[in-house]
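Below is model04.cif, which holds mmCIF, C-alpha atoms.
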data_run
#
loop_
_atom_site.label_atom_id
_atom_site.label_comp_id
_atom_site.auth_asym_id
_atom_site.auth_seq_id
_atom_site.Cartn_x
_atom_site.Cartn_y
_atom_site.Cartn_z
CA MET A 528 197.81 45.51 127.44
CA THR A 529 198.30 41.97 128.60
CA ARG A 530 200.69 41.08 131.38
CA THR A 531 202.92 39.09 129.01
CA LEU A 532 203.23 41.98 126.58
CA ARG A 533 204.16 44.34 129.40
CA TRP A 534 206.81 41.87 130.57
CA ARG A 535 208.22 41.57 127.04
CA ARG A 536 208.40 45.35 126.65
CA LEU A 537 210.13 45.59 130.01
CA ALA A 538 212.65 43.00 128.75
CA ASP A 539 213.19 45.15 125.63
CA SER A 540 213.92 48.19 127.77
CA ALA A 541 216.15 46.23 130.15
CA ALA A 542 218.16 44.81 127.23
CA LEU A 543 218.94 48.30 125.99
CA ARG A 544 220.03 49.39 129.45
CA LEU A 545 222.07 46.21 129.92
CA ALA A 546 223.99 46.78 126.68
CA LEU A 547 224.81 50.38 127.64
CA LEU A 548 225.76 49.47 131.22
CA TRP A 549 227.98 46.63 130.01
CA ALA A 550 229.72 48.88 127.46
CA GLY A 551 230.32 51.49 130.16
CA LEU A 552 231.75 48.90 132.54
CA SER A 553 234.11 47.67 129.82
CA VAL A 554 235.34 51.18 129.10
CA GLY A 555 235.82 51.85 132.80
CA VAL A 556 237.67 48.65 133.64
CA ALA A 557 239.77 48.11 130.51
CA PHE A 558 240.46 51.63 129.29
CA VAL A 559 240.34 53.85 132.39
CA ALA A 560 241.11 51.97 135.62
CA THR A 561 243.75 49.62 134.25
CA PRO A 562 245.95 52.23 132.52
CA ALA A 563 245.56 54.53 135.55
CA LYS A 564 246.98 51.81 137.82
CA PHE A 565 250.26 51.86 135.91
CA LEU A 566 250.60 55.62 136.42
CA ALA A 567 251.01 55.19 140.19
CA PRO A 568 254.77 55.66 140.78
CA THR A 569 254.85 53.69 144.04
CA LEU A 570 253.09 50.61 142.66
CA THR A 571 255.64 47.96 141.68
CA LEU A 572 255.14 45.94 138.51
CA PRO A 573 254.48 42.61 140.29
CA VAL A 574 251.86 44.24 142.52
CA ALA A 575 250.25 46.06 139.57
CA LEU A 576 250.13 42.79 137.63
CA ASP A 577 248.56 41.00 140.59
CA VAL A 578 245.93 43.72 141.01
CA GLY A 579 245.22 43.59 137.27
CA ARG A 580 244.96 39.80 137.30
CA GLN A 581 242.46 39.86 140.14
CA THR A 582 240.51 42.76 138.61
CA PHE A 583 240.14 41.07 135.24
CA ARG A 584 239.29 37.69 136.78
CA LEU A 585 236.47 39.30 138.79
CA TYR A 586 235.34 41.39 135.82
CA ASN A 587 235.25 38.31 133.59
CA HIS A 588 232.92 36.64 136.11
CA VAL A 589 230.73 39.77 136.09
CA GLU A 590 230.63 39.65 132.29
CA LEU A 591 229.64 35.99 132.33
CA GLY A 592 226.76 37.01 134.62
CA LEU A 593 225.83 39.86 132.27
CA SER A 594 225.88 37.36 129.40
CA LEU A 595 223.44 35.15 131.27
CA VAL A 596 221.15 38.12 131.92
CA ALA A 597 221.35 39.04 128.21
CA VAL A 598 220.29 35.52 127.24
CA LEU A 599 217.38 35.60 129.71
CA LEU A 600 216.27 38.99 128.39
CA ALA A 601 216.52 37.73 124.81
CA LEU A 602 214.25 34.82 125.70
CA SER A 603 211.73 37.22 127.25
CA ALA A 604 211.82 40.02 124.67
CA THR A 605 209.21 40.90 122.07
CA THR A 606 211.73 40.27 119.28
CA ARG A 607 213.75 37.34 120.54
CA ARG A 608 215.81 36.91 117.39
CA ARG A 609 216.80 40.59 117.31
CA HIS A 610 217.96 40.44 120.92
CA ALA A 611 219.80 37.15 120.47
CA LEU A 612 221.61 38.50 117.41
CA GLY A 613 222.39 41.77 119.16
CA PHE A 614 224.13 40.09 122.08
CA ALA A 615 225.71 37.18 120.17
CA VAL A 616 229.05 38.87 119.45
CA PRO A 617 229.62 40.30 122.96
CA ILE A 618 228.74 36.95 124.55
CA LEU A 619 231.03 35.08 122.15
CA LEU A 620 233.88 37.48 122.92
CA VAL A 621 233.39 37.04 126.68
CA LEU A 622 233.58 33.27 126.21
CA VAL A 623 236.79 33.62 124.16
CA GLN A 624 238.25 35.75 126.92
CA ALA A 625 237.17 33.35 129.68
CA LEU A 626 238.26 30.14 127.97
CA TRP A 627 241.43 31.20 126.14
CA LEU A 628 242.69 34.74 126.63
CA MET A 629 242.44 35.12 130.43
CA PRO A 630 244.16 31.79 131.21
CA ALA A 631 246.96 32.63 128.76
CA LEU A 632 247.41 36.10 130.27
CA ASP A 633 247.29 34.68 133.80
CA ALA A 634 250.07 32.21 133.00
CA ARG A 635 252.19 34.99 131.55
CA THR A 636 251.57 37.24 134.54
CA LEU A 637 252.52 34.47 136.97
CA LEU A 638 255.82 33.97 135.10
CA ILE A 639 256.65 37.68 135.36
CA GLN A 640 255.69 37.78 139.05
CA ALA A 641 257.94 34.77 139.72
CA GLY A 642 260.84 36.68 138.17
CA GLN A 643 261.09 34.41 135.16
CA PRO A 644 261.44 35.82 131.66
CA ALA A 645 258.24 35.71 129.66
CA PRO A 646 258.55 35.21 125.90
CA PRO A 647 257.38 38.08 123.71
CA SER A 648 253.63 38.04 123.25
CA HIS A 649 250.83 39.99 121.65
CA LEU A 650 248.22 38.73 124.13
CA HIS A 651 247.67 42.13 125.75
CA THR A 652 247.19 43.71 122.33
CA VAL A 653 244.71 40.97 121.46
CA TYR A 654 242.88 41.60 124.75
CA ILE A 655 242.66 45.35 124.03
CA ALA A 656 241.36 44.64 120.51
CA VAL A 657 238.77 42.18 121.82
CA GLU A 658 237.62 44.72 124.42
CA ALA A 659 237.32 47.44 121.77
CA VAL A 660 235.33 45.15 119.47
CA LYS A 661 233.14 44.09 122.41
CA ILE A 662 232.36 47.71 123.30
CA LEU A 663 231.45 48.50 119.69
CA ALA A 664 229.34 45.32 119.52
CA LEU A 665 227.53 46.30 122.74
CA LEU A 666 226.77 49.76 121.35
CA ALA A 667 225.54 48.11 118.15
CA ALA A 668 223.46 45.72 120.27
CA ALA A 669 221.91 48.70 122.05
CA ALA A 670 220.95 50.20 118.71
CA PHE A 671 219.82 46.83 117.37
CA VAL A 672 217.58 45.89 120.30
CA SER A 673 216.02 49.35 120.41
CA ALA A 674 215.44 49.62 116.65
CA ARG A 675 211.93 48.18 116.78
CA THR A 676 210.82 50.68 119.41
CA ARG A 677 212.31 53.61 117.52
CA ASN A 678 210.70 52.50 114.26
CA LEU A 679 207.28 52.30 115.90
CA SER A 680 207.60 55.72 117.52
CA ALA A 681 208.98 57.29 114.33
CA SER A 682 205.91 56.24 112.38
CA ARG A 683 203.51 57.74 114.94
CA GLY A 684 205.57 60.64 116.22
CA HIS A 685 206.41 61.07 119.85
CA ALA A 686 203.93 61.27 122.71
CA TRP A 687 204.74 64.95 123.16
CA MET A 688 204.52 65.83 119.48
CA THR A 689 202.18 64.83 116.69
CA MET A 690 203.43 64.49 113.17
CA PRO A 691 201.38 66.51 110.70
CA PRO A 692 200.53 64.71 107.46
CA LEU A 693 202.60 65.65 104.44
CA GLU A 694 200.75 67.81 101.97
CA SER A 695 200.68 66.57 98.44
CA ALA A 696 201.74 69.02 95.77
#
As structure tokens, how would this structure be written, given the file I've shared?
Amino acid sequence: MTRTLRWRRLADSAALRLALLWAGLSVGVAFVATPAKFLAPTLTLPVALDVGRQTFRLYNHVELGLSLVAVLLALSATTRRRHALGFAVPILLVLVQALWLMPALDARTLLIQAGQPAPPSHLHTVYIAVEAVKILALLAAAAFVSARTRNLSASRGHAWMTMPPLESA
């Protein structure tokens, strides 16, 4: 096997792991750690909002880095188009969050922390929906980028098991 082919197969494997890691991070940050913070009875709302603002700002930077890694892996993979398509939706959603949603939520949070009334908004609901769609898209990306490998192994059987030929009737 040539060195380039080995590198491309490594990129395939890394892309699968990246998609699963990224989905797990999103679940942990958005759907576990953040709601848990608001269960702490001694944490005041302004402090909880400040912790959340900092957490999501840092996490958005991490996701931008993961997006860059996904693009680099897509450029190195055996099936570049499959990888690019697999990560397109999650990367687009991270950009929407970074360029529109996070600044809007930050402005709202700063108003509340300053003691000013914030107008009613559905931004948090939109953020939750975007996170849910991103997680589903990352799981789909994991399936999508690994489909070629599974199809090849399904036709040959697994290394630990040989597939007997079908008998004709």
Between CA of Leu547 (chain A) and CA of Leu632 (chain A), distance in Å (one decimal) =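 Rounded to one decimal, the two atoms are 26.9 Å apart.
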Could you state which residues are captured by the PyMOL selection byres ((chain A and resi 561-577) around 9) in this file, as a PyMOL selection string?
-> chain A and resi 555-560+578-582+636-637+639-642
Top pick for closest residue to Leu585 (chain A), considering A:Val657, A:Leu602, A:Ala645, A:Ala625 and counting only C-alpha atoms |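 Nearest candidate to Leu585 (chain A) out of A:Val657, A:Leu602, A:Ala645, A:Ala625: A:Ala625.
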Arg609 (chain A) surroundings by all atoms listed in the file, 7 Å radius, close-in-sequence under 3 positions cut, as an mmCIF file with C-alpha atoms, in the coordinates of the input:
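File written: result13.cif
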data_model
loop_
_atom_site.group_PDB
_atom_site.id
_atom_site.type_symbol
_atom_site.label_atom_id
_atom_site.label_comp_id
_atom_site.auth_asym_id
_atom_site.auth_seq_id
_atom_site.Cartn_x
_atom_site.Cartn_y
_atom_site.Cartn_z
ATOM 1 C CA THR A 606 211.730 40.270 119.280
ATOM 2 C CA LEU A 612 221.610 38.500 117.410
ATOM 3 C CA GLY A 613 222.390 41.770 119.160
ATOM 4 C CA PHE A 671 219.820 46.830 117.370
ATOM 5 C CA VAL A 672 217.580 45.890 120.300
#
From A:Pro644, A:Pro617, A:Arg533, A:Ser540, residue lying nearest Ala664 (chain A) [all atoms listed in the file] =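 Checking each of A:Pro644, A:Pro617, A:Arg533, A:Ser540 against Ala664 (chain A), counting all atoms listed in the file, the winner is A:Pro617.
Shortest atom-to-atom contact with Val653 (chain A) among A:Met629, A:Leu543, A:Leu595, A:Ala601: A:Met629, counting all atoms listed in the file.
One finds CA of Ala674 (chain A) at 15.9 Å from CA of Leu600 (chain A).
Of note, CA of Ala550 (chain A) and CA of Leu593 (chain A) are spaced 10.9 Å apart.
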When the PyMOL selection byres ((chain A and resi 621) around 9) is applied to the file above, which residues end up in the set, as a list of chain:residue names?
-> A:Asn587, A:Glu590, A:Leu591, A:Ser594, A:Val616, A:Pro617, A:Ile618, A:Leu619, A:Leu620, A:Leu622, A:Val623, A:Gln624, A:Ala625, A:Leu626, A:Val657, A:Lys661
All residues 12 Å or closer to Arg544 (chain A), only C-alpha atoms, same chain fewer than 6 positions away omitted, as a VMD selection string = chain A and resid 537 to 538 550 to 551 593 596 to 597 600 665 to 666 668 to 670 672 to 673
Test item: residues at most 8 Å from Thr605 (chain A), all atoms listed in the file, excluding those fewer than 3 positions along its chain, as a compact mmCIF listing (two decimals) with C-alpha atoms, in the frame of the given file:
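Result file follows (around_25.txt):
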# COMPACT_ATOMS: atom_id res chain seq x y z
CA LEU A 532 203.23 41.98 126.58
CA ARG A 535 208.22 41.57 127.04
CA ARG A 536 208.40 45.35 126.65
CA ALA A 538 212.65 43.00 128.75
CA ASP A 539 213.19 45.15 125.63
